[in-house]
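Undergrad: What follows is query_20.cif, mmCIF, C-alpha atoms and all ligand atoms.
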```cif
data_protein
#
loop_
_atom_site.label_atom_id
_atom_site.label_comp_id
_atom_site.auth_asym_id
_atom_site.auth_seq_id
_atom_site.Cartn_x
_atom_site.Cartn_y
_atom_site.Cartn_z
CA MET A 963 60.82 118.60 111.30
CA LEU A 964 63.19 119.99 113.92
CA THR A 965 60.60 121.53 116.21
CA GLY A 966 62.02 122.11 119.66
CA ARG A 967 65.54 121.04 118.67
CA ASN A 968 68.47 123.19 119.79
CA ILE A 969 71.26 123.49 117.25
CA LEU A 970 74.73 124.93 117.68
CA LEU A 971 76.01 126.20 114.34
CA GLY A 972 79.76 126.70 114.29
CA ILE A 973 80.99 128.87 111.42
CA SER A 974 84.67 129.20 110.62
CA GLY A 975 86.46 131.52 108.24
CA GLY A 976 86.06 130.28 104.70
CA ILE A 977 84.30 131.93 101.79
CA ALA A 978 81.42 129.45 102.07
CA ALA A 979 80.53 131.21 105.35
CA TYR A 980 78.54 133.69 103.28
CA LYS A 981 75.95 130.94 102.70
CA THR A 982 75.36 130.24 106.39
CA PRO A 983 72.51 132.73 107.02
CA GLN A 984 70.52 130.59 104.58
CA LEU A 985 71.34 127.48 106.66
CA VAL A 986 70.19 129.31 109.79
CA ARG A 987 66.93 130.22 108.02
CA LEU A 988 66.31 126.59 106.99
CA LEU A 989 66.91 125.42 110.54
CA LYS A 990 64.69 128.11 112.03
CA LYS A 991 61.96 127.48 109.47
CA SER A 992 61.85 123.83 110.47
CA GLY A 993 61.30 124.79 114.09
CA ALA A 994 64.83 124.64 115.54
CA ASP A 995 66.44 127.17 117.84
CA VAL A 996 69.89 128.09 116.55
CA GLN A 997 72.87 129.49 118.41
CA VAL A 998 75.61 130.68 116.08
CA LEU A 999 79.21 130.29 117.23
CA ALA A 1000 81.44 132.10 114.74
CA THR A 1001 85.20 132.42 114.68
CA THR A 1002 86.60 135.93 114.21
CA SER A 1003 87.72 134.94 110.70
CA ALA A 1004 84.19 133.77 109.86
CA LEU A 1005 82.89 137.27 110.58
CA LYS A 1006 85.17 138.63 107.84
CA PHE A 1007 83.15 136.59 105.35
CA VAL A 1008 79.63 136.95 106.73
CA SER A 1009 78.05 139.72 108.73
CA GLU A 1010 77.44 139.25 112.42
CA LEU A 1011 74.30 141.32 112.10
CA SER A 1012 72.87 139.01 109.41
CA LEU A 1013 73.52 135.93 111.53
CA ALA A 1014 72.18 137.50 114.71
CA THR A 1015 69.07 138.68 112.86
CA VAL A 1016 68.20 135.37 111.23
CA SER A 1017 69.00 133.34 114.34
CA ASN A 1018 67.39 135.88 116.66
CA ARG A 1019 70.26 135.44 119.10
CA PRO A 1020 73.58 137.20 119.57
CA VAL A 1021 76.46 135.58 117.71
CA LEU A 1022 79.06 134.22 120.14
CA THR A 1023 82.72 134.42 119.20
CA GLY A 1024 85.24 134.90 122.01
CA ILE A 1025 85.36 133.15 125.35
CA PHE A 1026 85.69 136.30 127.44
CA THR A 1027 82.50 138.04 126.41
CA ALA A 1028 80.29 136.07 128.76
CA ASP A 1029 79.92 138.89 131.30
CA THR A 1030 78.43 141.24 128.73
CA GLU A 1031 75.94 138.52 127.84
CA GLY A 1032 74.98 137.93 131.43
CA GLU A 1033 76.27 134.41 131.85
CA TYR A 1034 79.74 133.39 132.97
CA THR A 1035 79.37 129.71 132.20
CA ARG A 1036 77.57 130.01 128.89
CA HIS A 1037 79.85 127.47 127.19
CA ILE A 1038 78.77 124.83 129.68
CA SER A 1039 75.08 125.60 129.46
CA LEU A 1040 75.27 125.58 125.66
CA GLY A 1041 76.93 122.16 125.67
CA GLU A 1042 74.00 120.90 127.72
CA TRP A 1043 71.37 122.81 125.73
CA ALA A 1044 72.37 121.59 122.27
CA ASP A 1045 70.77 118.59 120.57
CA ALA A 1046 73.33 118.72 117.75
CA PHE A 1047 76.37 120.67 116.60
CA VAL A 1048 76.93 121.58 112.96
CA ILE A 1049 80.22 123.09 111.84
CA ALA A 1050 79.90 124.61 108.39
CA PRO A 1051 82.11 125.61 106.81
CA ALA A 1052 84.90 123.87 108.73
CA THR A 1053 88.27 125.28 107.69
CA ALA A 1054 91.57 123.38 107.89
CA ASN A 1055 92.49 125.48 110.91
CA THR A 1056 89.26 124.77 112.76
CA LEU A 1057 89.51 121.05 111.96
CA ALA A 1058 93.03 121.00 113.39
CA ARG A 1059 91.89 122.76 116.54
CA LEU A 1060 88.90 120.50 117.03
CA ALA A 1061 90.96 117.37 116.39
CA THR A 1062 93.53 118.35 119.01
CA GLY A 1063 91.12 119.68 121.62
CA LEU A 1064 92.17 123.34 121.55
CA CYS A 1065 89.42 125.52 122.96
CA ASP A 1066 90.27 129.18 122.71
CA ASP A 1067 87.04 130.42 121.17
CA MET A 1068 83.34 129.66 121.69
CA LEU A 1069 83.14 127.28 118.73
CA SER A 1070 85.95 125.03 119.90
CA LEU A 1071 85.02 125.38 123.56
CA CYS A 1072 81.42 124.26 123.01
CA PHE A 1073 82.72 121.38 120.89
CA LEU A 1074 84.23 120.05 124.12
CA THR A 1075 81.23 120.77 126.34
CA LEU A 1076 78.70 119.19 123.97
CA ARG A 1077 77.26 116.05 125.54
CA PRO A 1078 78.94 112.97 124.05
CA ASP A 1079 75.71 111.38 122.81
CA LYS A 1080 74.81 114.40 120.67
CA PRO A 1081 75.50 114.22 116.94
CA VAL A 1082 78.11 116.41 115.29
CA LEU A 1083 78.05 117.20 111.59
CA ILE A 1084 81.15 118.74 110.02
CA ALA A 1085 81.16 120.23 106.53
CA PRO A 1086 84.78 120.91 105.57
CA ALA A 1087 85.25 123.45 102.79
CA MET A 1088 88.54 124.64 101.37
CA ASP A 1089 90.82 124.38 98.36
CA GLY A 1090 91.04 120.79 97.09
CA HIS A 1091 94.81 120.54 97.65
CA MET A 1092 94.42 121.72 101.20
CA TYR A 1093 91.57 119.25 101.69
CA ASN A 1094 93.68 116.38 100.42
CA SER A 1095 96.71 117.37 102.51
CA LEU A 1096 97.91 114.81 104.99
CA SER A 1097 97.18 116.95 108.01
CA VAL A 1098 93.59 117.77 107.01
CA GLN A 1099 92.89 114.13 106.19
CA ARG A 1100 94.46 113.01 109.47
CA ASN A 1101 92.36 115.50 111.43
CA LEU A 1102 89.21 114.43 109.60
CA SER A 1103 89.95 110.77 110.38
CA THR A 1104 90.45 111.63 114.04
CA LEU A 1105 87.15 113.50 114.18
CA ALA A 1106 85.32 110.74 112.29
CA GLU A 1107 86.75 108.13 114.67
CA GLU A 1108 85.46 110.21 117.56
CA GLY A 1109 81.98 109.89 116.04
CA CYS A 1110 81.61 113.13 114.08
CA ARG A 1111 79.87 112.78 110.75
CA ILE A 1112 81.90 114.34 107.95
CA LEU A 1113 79.90 115.72 105.05
CA GLU A 1114 82.26 115.41 102.10
CA PRO A 1115 82.87 118.64 100.17
CA GLU A 1116 81.55 118.80 96.63
CA SER A 1117 83.40 119.38 93.38
CA GLY A 1118 82.92 122.53 91.33
CA SER A 1119 84.33 126.03 90.94
CA LEU A 1120 86.39 127.25 93.88
CA ALA A 1121 87.19 130.72 95.20
CA SER A 1122 90.70 130.41 93.75
CA GLY A 1123 89.20 130.31 90.26
CA GLN A 1124 90.16 126.67 89.97
CA CYS A 1125 87.72 123.85 89.61
CA GLY A 1126 87.82 120.84 91.91
CA LEU A 1127 86.94 119.30 95.22
CA GLY A 1128 86.39 121.57 98.19
CA ARG A 1129 83.03 123.33 97.92
CA MET A 1130 80.79 123.29 100.93
CA PRO A 1131 77.59 121.40 100.11
CA GLU A 1132 74.61 123.73 99.70
CA PRO A 1133 72.75 124.72 102.89
CA GLU A 1134 69.82 122.49 101.82
CA THR A 1135 72.14 119.45 101.71
CA ILE A 1136 73.61 120.25 105.12
CA PHE A 1137 70.13 120.76 106.52
CA GLU A 1138 68.95 117.40 105.17
CA ALA A 1139 71.99 115.59 106.54
CA LEU A 1140 71.37 117.07 109.97
CA ALA A 1141 67.64 116.34 109.87
CA GLY A 1142 68.51 112.71 109.00
CA MET A 1143 70.88 112.51 111.96
CA LEU A 1144 68.21 113.83 114.28
CA ALA A 1145 65.43 111.61 112.96
CA THR A 1146 64.07 109.40 115.71
CA PRO A 1147 65.30 105.86 115.09
CA GLU A 1148 62.42 104.37 117.09
CA LYS A 1149 60.25 104.73 114.02
CA SER A 1150 62.50 102.51 111.95
CA ALA A 1151 61.86 98.80 111.57
CA LEU A 1152 65.65 98.44 111.75
CA ASN A 1153 65.79 99.88 115.24
CA GLY A 1154 67.34 97.23 117.49
CA LYS A 1155 67.98 94.81 114.62
CA THR A 1156 71.44 93.45 113.92
CA VAL A 1157 72.81 94.09 110.44
CA VAL A 1158 75.96 92.69 108.85
CA VAL A 1159 77.26 94.60 105.83
CA THR A 1160 80.17 93.62 103.61
CA ALA A 1161 81.84 96.45 101.69
CA GLY A 1162 84.75 97.37 99.47
CA PRO A 1163 86.93 95.24 97.27
CA THR A 1164 88.92 92.19 98.23
CA ARG A 1165 92.61 91.70 97.47
CA GLU A 1166 93.76 88.30 96.31
CA LYS A 1167 97.48 87.84 96.81
CA ILE A 1168 99.64 86.84 93.85
CA ASP A 1169 102.87 87.19 95.81
CA GLY A 1170 104.26 89.23 98.69
CA VAL A 1171 103.86 92.54 96.82
CA ARG A 1172 101.11 92.00 94.24
CA PHE A 1173 97.43 91.25 94.25
CA LEU A 1174 94.30 90.98 92.10
CA SER A 1175 91.52 93.38 92.99
CA ASN A 1176 88.89 95.75 91.57
CA TYR A 1177 87.99 99.44 91.72
CA SER A 1178 85.39 99.22 94.47
CA SER A 1179 85.74 102.17 96.87
CA GLY A 1180 83.43 100.82 99.58
CA LYS A 1181 81.33 104.01 99.49
CA MET A 1182 78.02 102.23 98.87
CA GLY A 1183 78.51 99.67 101.66
CA PHE A 1184 79.71 102.35 104.09
CA ALA A 1185 76.68 104.52 103.25
CA ILE A 1186 74.40 101.55 103.98
CA ALA A 1187 76.17 100.82 107.26
CA ALA A 1188 75.97 104.49 108.30
CA ASP A 1189 72.28 104.74 107.51
CA ALA A 1190 71.41 101.46 109.21
CA ALA A 1191 73.21 102.71 112.35
CA ARG A 1192 71.30 105.99 112.15
CA ARG A 1193 68.08 103.95 112.06
CA GLY A 1194 69.05 102.36 115.34
CA ALA A 1195 70.46 99.04 114.10
CA VAL A 1196 73.49 97.30 115.57
CA VAL A 1197 75.77 97.36 112.53
CA ARG A 1198 78.79 95.16 111.86
CA LEU A 1199 80.74 96.19 108.80
CA VAL A 1200 83.21 93.74 107.29
CA THR A 1201 85.27 95.65 104.80
CA GLY A 1202 88.04 95.06 102.34
CA PRO A 1203 90.81 97.66 101.96
CA VAL A 1204 89.19 101.10 101.54
CA ASN A 1205 90.06 104.64 102.37
CA LEU A 1206 86.97 105.65 104.32
CA PRO A 1207 86.29 106.68 107.91
CA THR A 1208 84.20 104.33 110.04
CA PRO A 1209 80.62 105.63 110.24
CA PRO A 1210 79.52 106.65 113.75
CA GLY A 1211 78.23 103.78 115.84
CA VAL A 1212 79.39 101.07 113.43
CA GLU A 1213 81.56 98.13 114.46
CA ARG A 1214 84.18 97.66 111.73
CA ILE A 1215 86.25 94.59 110.86
CA ASP A 1216 88.99 95.07 108.28
CA VAL A 1217 89.99 92.20 106.02
CA GLU A 1218 91.89 91.76 102.77
CA SER A 1219 90.90 88.65 100.86
CA ALA A 1220 87.57 86.94 100.13
CA GLU A 1221 88.54 84.03 102.35
CA GLN A 1222 89.30 86.44 105.20
CA MET A 1223 86.01 88.24 104.56
CA LEU A 1224 84.13 84.98 104.86
CA ALA A 1225 86.07 84.01 108.00
CA ALA A 1226 85.21 87.37 109.57
CA ALA A 1227 81.57 87.36 108.47
CA ARG A 1228 80.68 83.73 109.23
CA PRO A 1229 80.73 84.08 113.04
CA LEU A 1230 78.33 87.03 112.63
CA PHE A 1231 75.78 85.10 110.56
CA ASP A 1232 73.95 83.48 113.46
CA ASP A 1233 73.25 86.65 115.35
CA CYS A 1234 71.99 88.90 112.55
CA ASP A 1235 68.58 89.84 111.24
CA LEU A 1236 69.86 91.09 107.94
CA PHE A 1237 72.93 90.49 105.79
CA ILE A 1238 73.73 93.01 103.06
CA GLY A 1239 76.47 91.99 100.66
CA ALA A 1240 77.72 95.24 99.17
CA ALA A 1241 81.32 94.06 98.83
CA ALA A 1242 82.79 93.54 95.39
CA VAL A 1243 84.27 90.19 96.33
CA ALA A 1244 86.80 88.88 93.83
CA ASP A 1245 85.33 85.79 92.17
CA TYR A 1246 88.76 84.18 91.77
CA ARG A 1247 92.05 84.06 93.62
CA PRO A 1248 95.46 82.80 92.59
CA GLU A 1249 95.64 79.10 93.43
CA ALA A 1250 98.82 79.60 95.40
CA SER A 1251 100.28 82.83 96.67
CA VAL A 1252 104.05 82.99 96.50
CA GLU A 1253 106.12 84.20 99.43
CA GLY A 1254 108.26 87.23 98.55
CA LYS A 1255 108.32 88.76 95.07
CA ILE A 1256 108.02 86.69 91.89
CA LYS A 1257 111.07 87.40 89.75
CA LYS A 1258 110.61 88.65 86.20
CA LYS A 1259 111.62 86.19 83.45
CA ASP A 1260 111.70 86.45 79.67
CA ALA A 1261 109.06 83.77 79.27
CA GLU A 1262 105.36 84.53 79.58
CA MET A 1263 103.72 83.70 82.84
CA GLU A 1264 100.48 82.01 83.80
CA ILE A 1265 98.65 82.29 87.07
CA ARG A 1266 96.03 79.68 87.75
CA LEU A 1267 92.95 81.12 89.41
CA VAL A 1268 90.52 79.20 91.57
CA ARG A 1269 87.00 80.16 92.66
CA ASN A 1270 86.50 82.14 95.84
CA PRO A 1271 83.74 81.32 98.30
CA ASP A 1272 80.49 83.22 97.79
CA ILE A 1273 79.92 84.89 101.13
CA LEU A 1274 76.39 86.14 100.51
CA ALA A 1275 75.25 82.83 98.99
CA GLU A 1276 76.70 80.94 101.94
CA PHE A 1277 74.73 83.14 104.33
CA ALA A 1278 71.55 83.00 102.27
CA THR A 1279 71.51 79.23 101.80
CA ASN A 1280 72.29 78.42 105.46
CA ARG A 1281 70.28 81.11 107.19
CA LYS A 1282 67.63 80.67 109.84
CA PRO A 1283 63.99 81.53 109.14
CA GLY A 1284 63.36 85.27 109.38
CA GLN A 1285 66.89 86.35 108.47
CA LEU A 1286 67.03 88.50 105.32
CA ALA A 1287 69.68 88.38 102.60
CA VAL A 1288 70.25 91.40 100.34
CA GLY A 1289 72.79 91.64 97.54
CA PHE A 1290 74.09 93.79 94.75
CA ALA A 1291 74.46 92.88 91.10
CA LEU A 1292 76.88 95.17 89.35
CA GLU A 1293 76.99 94.69 85.61
CA THR A 1294 78.96 96.53 82.95
CA ALA A 1295 76.58 95.48 80.22
CA GLY A 1296 73.50 93.40 79.75
CA GLY A 1297 70.27 93.70 81.48
CA ILE A 1298 68.38 93.27 84.57
CA ASP A 1299 67.98 89.55 83.84
CA TYR A 1300 71.49 88.92 85.22
CA ALA A 1301 70.39 90.50 88.47
CA ARG A 1302 67.17 88.49 88.49
CA LYS A 1303 69.18 85.29 88.00
CA LYS A 1304 71.44 86.19 90.94
CA LEU A 1305 68.41 86.90 93.10
CA THR A 1306 67.15 83.38 92.44
CA ASP A 1307 70.49 81.52 92.33
CA LYS A 1308 71.71 83.03 95.60
CA GLN A 1309 68.22 82.75 97.17
CA LEU A 1310 68.10 86.44 98.12
CA ASP A 1311 65.18 88.52 99.34
CA LEU A 1312 66.26 91.67 97.53
CA ILE A 1313 68.92 92.58 95.01
CA ALA A 1314 70.09 96.00 93.87
CA PHE A 1315 70.86 95.90 90.18
CA ASN A 1316 73.62 98.38 89.54
CA ILE A 1317 74.79 99.27 86.04
CA TYR A 1318 78.45 100.29 85.95
CA ASN A 1319 78.96 103.20 83.56
CA GLY A 1320 82.22 104.54 84.95
CA HIS A 1321 80.84 108.11 85.38
CA THR A 1322 77.81 108.34 87.60
CA SER A 1323 77.08 104.79 88.57
CA GLY A 1324 79.09 101.93 90.02
CA PHE A 1325 82.58 101.87 91.50
CA GLU A 1326 84.44 104.84 93.03
CA VAL A 1327 81.95 107.60 92.15
CA ASP A 1328 79.69 109.28 94.73
CA THR A 1329 76.44 108.56 92.93
CA ASN A 1330 74.61 105.45 91.86
CA VAL A 1331 71.65 104.29 89.79
CA LEU A 1332 69.98 101.24 91.34
CA THR A 1333 66.99 99.12 90.45
CA LEU A 1334 65.68 97.14 93.39
CA LEU A 1335 64.33 93.69 92.61
CA GLY A 1336 62.36 91.89 95.28
CA ARG A 1337 61.87 88.18 95.69
CA ASP A 1338 58.13 88.86 95.31
CA GLY A 1339 58.73 90.15 91.77
CA SER A 1340 58.63 93.85 92.72
CA VAL A 1341 60.78 96.23 90.65
CA THR A 1342 61.70 99.70 91.93
CA GLU A 1343 63.75 101.88 89.59
CA LEU A 1344 65.63 104.59 91.47
CA PRO A 1345 66.94 107.72 89.73
CA LEU A 1346 70.56 108.90 89.87
CA LEU A 1347 71.16 109.48 93.58
CA SER A 1348 74.04 110.14 95.93
CA LYS A 1349 75.20 106.85 97.47
CA GLU A 1350 73.86 108.10 100.82
CA LYS A 1351 70.38 108.59 99.34
CA ALA A 1352 70.55 105.32 97.41
CA ALA A 1353 71.45 103.57 100.67
CA ALA A 1354 68.44 105.17 102.38
CA LYS A 1355 66.12 103.99 99.57
CA LEU A 1356 67.54 100.48 99.77
CA LEU A 1357 66.99 100.39 103.53
CA ASP A 1358 63.47 101.80 103.12
CA ALA A 1359 62.76 98.82 100.84
CA VAL A 1360 64.38 96.42 103.33
CA GLU A 1361 62.20 97.82 106.12
CA THR A 1362 59.07 96.85 104.22
CA ILE A 1363 60.10 93.17 104.15
CA LEU A 1364 61.82 92.95 107.54
CA PRO A 1365 59.86 90.78 109.99
CA ARG A 1366 58.83 92.98 112.93
O1 LIG B 1 79.90 88.97 92.13
P1 LIG B 1 78.41 88.85 92.05
O2 LIG B 1 77.83 89.67 90.96
O3 LIG B 1 77.93 87.43 92.08
O4 LIG B 1 77.89 89.55 93.39
C1 LIG B 1 76.53 89.53 93.73
C2 LIG B 1 76.38 89.68 95.22
O5 LIG B 1 77.01 88.61 95.91
C3 LIG B 1 76.94 90.92 95.83
O6 LIG B 1 76.03 91.36 96.81
C4 LIG B 1 78.25 90.49 96.46
O7 LIG B 1 78.59 91.26 97.62
C5 LIG B 1 77.98 89.06 96.84
N1 LIG B 1 79.16 88.19 96.70
C6 LIG B 1 79.72 87.60 97.83
N2 LIG B 1 80.78 86.76 97.69
C7 LIG B 1 81.31 86.49 96.47
C8 LIG B 1 80.77 87.09 95.34
C9 LIG B 1 79.70 87.94 95.49
O8 LIG B 1 79.25 87.86 98.95
N3 LIG B 1 82.34 85.69 96.38
#
```
Once you've parsed the file, please lay out its structure as structure tokens.
Ligand code: C5P
TA:
Amino acid sequence: MLTGRNILLGISGGIAAYKTPQLVRLLKKSGADVQVLATTSALKFVSELSLATVSNRPVLTGIFTADTEGEYTRHISLGEWADAFVIAPATANTLARLATGLCDDMLSLCFLTLRPDKPVLIAPAMDGHMYNSLSVQRNLSTLAEEGCRILEPESGSLASGQCGLGRMPEPETIFEALAGMLATPEKSALNGKTVVVTAGPTREKIDGVRFLSNYSSGKMGFAIAADAARRGAVVRLVTGPVNLPTPPGVERIDVESAEQMLAAARPLFDDCDLFIGAAAVADYRPEASVEGKIKKKDAEMEIRLVRNPDILAEFATNRKPGQLAVGFALETAGGIDYARKKLTDKQLDLIAFNIYNGHTSGFEVDTNVLTLLGRDGSVTELPLLSKEKAAAKLLDAVETILPR
């Protein structure tokens, strides 16, 4: 899979470092050449000898050891040599140093010499409170904005004995994410196509400080946008308010309300091959939004709601021949027939029926269970998958119906 690829593996000093020889083995087994760049703290958690043995190369740590290794400008040649850079585990300290451009060890130095078109995958791993701290989140946002792909840590038991967010994904997961990033987009039917994705919730203003909305996190739409970009598509992502980094290579337009989402999406309709409506657009909005804050009174209060425009239906019914329209049908109860009805009513090519169960499928969570219904009557039931994998399956299905 990765035959002939050169991978820099940066390891920083967290307990998850003890799993990295396995990651090196997976990379080597798939044909890659791996150069390990470990921080001094990393080598307290994992043996240098293990890493050097499985990678079949000396582990590089400090910046002043080049003479003993026979090359004074090794950091520069490595930046040129590498096809990708993986940093796993990435500690809070390493994230901070990478985000600010410090370069006082081989890991951080090669991060700067890596050619800008090469993908970077960062797997942060640390205690959940540290992970959620403002500084870590700020550094992650900076790195994501610079184009690094952040592999979210998983939840489970932590070194502290506590249970929560912060575990490094297993080496197999990191390997798969990297292999996906290095997959040649030329093979994809989406390569060179223009895709518009809507994502997240919308907010419908009641007054200056209140709104109607829903629990959509935007994760599904962002995963679709990220994967379409990886497949070589030009991706425009129109999103409601979410707390997610922009996927690498994706053009993002932030909006609040359904009307704003339509206003932002409409100019993109003409020049797209595919429109994917993953946004949970509010069906109604308050008829009039009040300036300032509505004052509390003893009497009950009524807010009259009016229908919002249907963005996906507007695209689908006005589109040019050859343009594809794909939607989601999230239901809390009831069956697939609701989704089928939406497929027909909105004149879509494909709809992802999505049961909301509040635990593993639907809003906010990282996983989803989708059934894909095609205009041609096809039904594809997908198992419980991460939203990234569900997005990939959806795009695989789209590729089969996309005009070449
Ligand atoms: O809300 P509903 O179940 O009808 O959503 C089905 C599909 O239509 C989704 O893909 C959603 O993004 C899209 N939609 C839209 N504009 C709306 C309502 C829904 O684009 N106002």
Undergrad: Select, from A:Met1130, A:Leu988, A:Ala1353, A:Cys1234, the residue with the minimum atom-to-atom distance to Ala1052 in chain A, counting all atoms listed in the file.
TA: A:Met1130
Undergrad: Set up a box along x, y and z of the file covering all listed atoms of ligand LIG 1 (chain B), add 8 Å on every one of the six sides, and write the centre and edge lengths in Å to one decimal, as JSON.
TA:
```
{"center_x": 79.2, "center_y": 88.5, "center_z": 95.0, "size_x": 22.3, "size_y": 21.7, "size_z": 24.0}
```
Undergrad: Identify which of the residues A:Leu1076, A:Ala994, A:Leu1152, A:Ala1301 lies closest to Arg1366 in chain A, counting all atoms listed in the file when measuring atom-to-atom distances.
TA: A:Leu1152
Undergrad: Which one of A:Ile1084, A:Leu1357, A:Ala1058, A:Ala1240 sits closest to ligand LIG 1 (chain B) if you count all atoms listed in the file?
TA: A:Ala1240
Undergrad: Would you work out the distance separating CA of Ala979 in chain A from CA of Pro1081 in chain A, expressed in Å to one decimal?
TA: 21.2 Å
Undergrad: Taking only residues of chain A that have an atom at most 8 Å from an atom of ligand LIG 1 (chain B), what is each one's shortest atom pair and its distance in Å to one decimal, using all atoms listed in the file, in chain and number order, as a Markdown table?
TA:
```
| residue | atom | partner | partner_atom | distance |
| --- | --- | --- | --- | --- |
| A:Thr1160 | CA | B:LIG1 | O7 | 6.6 |
| A:Ala1161 | CA | B:LIG1 | O7 | 7.4 |
| A:Ala1220 | CA | B:LIG1 | N3 | 6.6 |
| A:Ile1238 | CA | B:LIG1 | O6 | 6.9 |
| A:Gly1239 | CA | B:LIG1 | O7 | 3.8 |
| A:Ala1240 | CA | B:LIG1 | O7 | 4.4 |
| A:Ala1241 | CA | B:LIG1 | O7 | 4.1 |
| A:Ala1242 | CA | B:LIG1 | O7 | 5.3 |
| A:Val1243 | CA | B:LIG1 | C7 | 4.7 |
| A:Ala1244 | CA | B:LIG1 | N3 | 6.0 |
| A:Asp1245 | CA | B:LIG1 | N3 | 5.2 |
| A:Asn1270 | CA | B:LIG1 | N3 | 5.5 |
| A:Pro1271 | CA | B:LIG1 | N3 | 5.0 |
| A:Asp1272 | CA | B:LIG1 | N3 | 3.4 |
| A:Ile1273 | CA | B:LIG1 | O8 | 3.7 |
| A:Leu1274 | CA | B:LIG1 | O8 | 3.7 |
| A:Ala1275 | CA | B:LIG1 | O8 | 6.4 |
| A:Glu1276 | CA | B:LIG1 | O8 | 8.0 |
| A:Val1288 | CA | B:LIG1 | O6 | 6.8 |
| A:Gly1289 | CA | B:LIG1 | O6 | 3.3 |
| A:Phe1290 | CA | B:LIG1 | O6 | 3.7 |
| A:Ala1291 | CA | B:LIG1 | O2 | 4.7 |
| A:Leu1292 | CA | B:LIG1 | O2 | 5.8 |
| A:Glu1293 | CA | B:LIG1 | O2 | 7.4 |
| A:Ala1301 | CA | B:LIG1 | O2 | 7.9 |
| A:Lys1304 | CA | B:LIG1 | C1 | 6.7 |
| A:Lys1308 | CA | B:LIG1 | O5 | 7.7 |
| A:Ile1313 | CA | B:LIG1 | O6 | 7.4 |
```
Undergrad: At a cut-off of 12 Å, using all atoms listed in the file, what residues contact range 1163-1179 of chain A? Leave out same-chain residues fewer than 3 positions from it and give the result as a PyMOL selection string.
TA: chain A and resi 1160+1182-1185+1200-1207+1216-1224+1239-1257+1264-1270+1273+1292+1318+1320+1323-1329+1349
Undergrad: For the atom pair CA of Gly1024 in chain A and CA of Glu1107 in chain A, what is the interatomic distance in Å to one decimal place?
TA: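 Value for the CA of Gly1024 in chain A-CA of Glu1107 in chain A distance: 27.8 Å.
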Undergrad: In Å, rounded to a single decimal, give me how far CA of Val1157 in chain A is from CA of Asp1299 in chain A.
TA: 27.4 Å
Undergrad: Excluding same-chain residues fewer than 6 positions from range 1033-1040 of chain A, what lies within 9 Å of it counting all atoms listed in the file, as a ChimeraX atom specification?
TA: /A:970,997,1025-1027,1068,1071-1072,1075-1076
Undergrad: Can you pull out the residues contacting Val1016 in chain A? Cut-off 12 Å, using all atoms listed in the file, and skip same-chain residues under 5 positions away; I want them as a PDB file with C-alpha atoms, in the frame of the given file.
TA:
```
ATOM      1  CA  THR A 982      75.360 130.240 106.390  1.00  0.00           C
ATOM      2  CA  PRO A 983      72.510 132.730 107.020  1.00  0.00           C
ATOM      3  CA  GLN A 984      70.520 130.590 104.580  1.00  0.00           C
ATOM      4  CA  LEU A 985      71.340 127.480 106.660  1.00  0.00           C
ATOM      5  CA  VAL A 986      70.190 129.310 109.790  1.00  0.00           C
ATOM      6  CA  ARG A 987      66.930 130.220 108.020  1.00  0.00           C
ATOM      7  CA  LEU A 988      66.310 126.590 106.990  1.00  0.00           C
ATOM      8  CA  LEU A 989      66.910 125.420 110.540  1.00  0.00           C
ATOM      9  CA  LYS A 990      64.690 128.110 112.030  1.00  0.00           C
ATOM     10  CA  LYS A 991      61.960 127.480 109.470  1.00  0.00           C
ATOM     11  CA  ASP A 995      66.440 127.170 117.840  1.00  0.00           C
ATOM     12  CA  VAL A 996      69.890 128.090 116.550  1.00  0.00           C
ATOM     13  CA  GLN A 997      72.870 129.490 118.410  1.00  0.00           C
ATOM     14  CA  VAL A 998      75.610 130.680 116.080  1.00  0.00           C
ATOM     15  CA  SER A1009      78.050 139.720 108.730  1.00  0.00           C
ATOM     16  CA  GLU A1010      77.440 139.250 112.420  1.00  0.00           C
ATOM     17  CA  LEU A1011      74.300 141.320 112.100  1.00  0.00           C
ATOM     18  CA  VAL A1021      76.460 135.580 117.710  1.00  0.00           C
TER      19      VAL A1021
END
```
Undergrad: I'd like to know which of A:Pro1051, A:Pro1345, A:Gly1154, A:Gly1063 is closest to Ala1085 in chain A, using all atoms listed in the file.
TA: A:Pro1051
Undergrad: Please check which residues have atoms at most 12 Å from (90.1, 109.6, 110.2) in the file's coordinates, counting all atoms listed in the file, and write them as a ChimeraX atom specification.
TA: /A:1057,1061,1096-1112,1205-1210
Undergrad: Which residue gives the smallest distance to Thr1001 in chain A among A:Thr1135, A:Arg967, A:Trp1043, A:Asn1055, with all atoms listed in the file counted?
TA: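 So, comparing all the options, the nearest one is A:Asn1055.
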Undergrad: Pick out the closest residue to Val1158 in chain A from this set: A:Gly1118, A:Pro1229, A:Gly1339, A:Gly993. Count only C-alpha atoms.
TA: A:Pro1229
Undergrad: I'd like the contact shell of Lys1355 in chain A - 10 Å cut-off, all atoms listed in the file, skipping same-chain residues fewer than 3 positions apart - returned as a list in words.
TA: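 Residues meeting the cut-off are Ile1186, Leu1332, Leu1334, Thr1342, Leu1344, Leu1347, Lys1349, Glu1350, Lys1351, Ala1352, Asp1358, Ala1359, Val1360 and Glu1361 of chain A.
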Undergrad: What's the 12 Å shell around Gly1142 in chain A, counting all atoms listed in the file, without same-chain residues fewer than 2 positions away, as a list in words?
TA: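 Contacts, with the query itself left out: Met963, Leu964, Ala1046, Pro1081, Leu1083, Arg1111, Thr1135, Ile1136, Phe1137, Glu1138, Ala1139, Leu1140, Leu1144, Ala1145, Thr1146, Pro1147, Ala1188, Asp1189, Ala1190, Ala1191, Arg1192, Arg1193, Glu1350, Lys1351 and Ala1354 of chain A.
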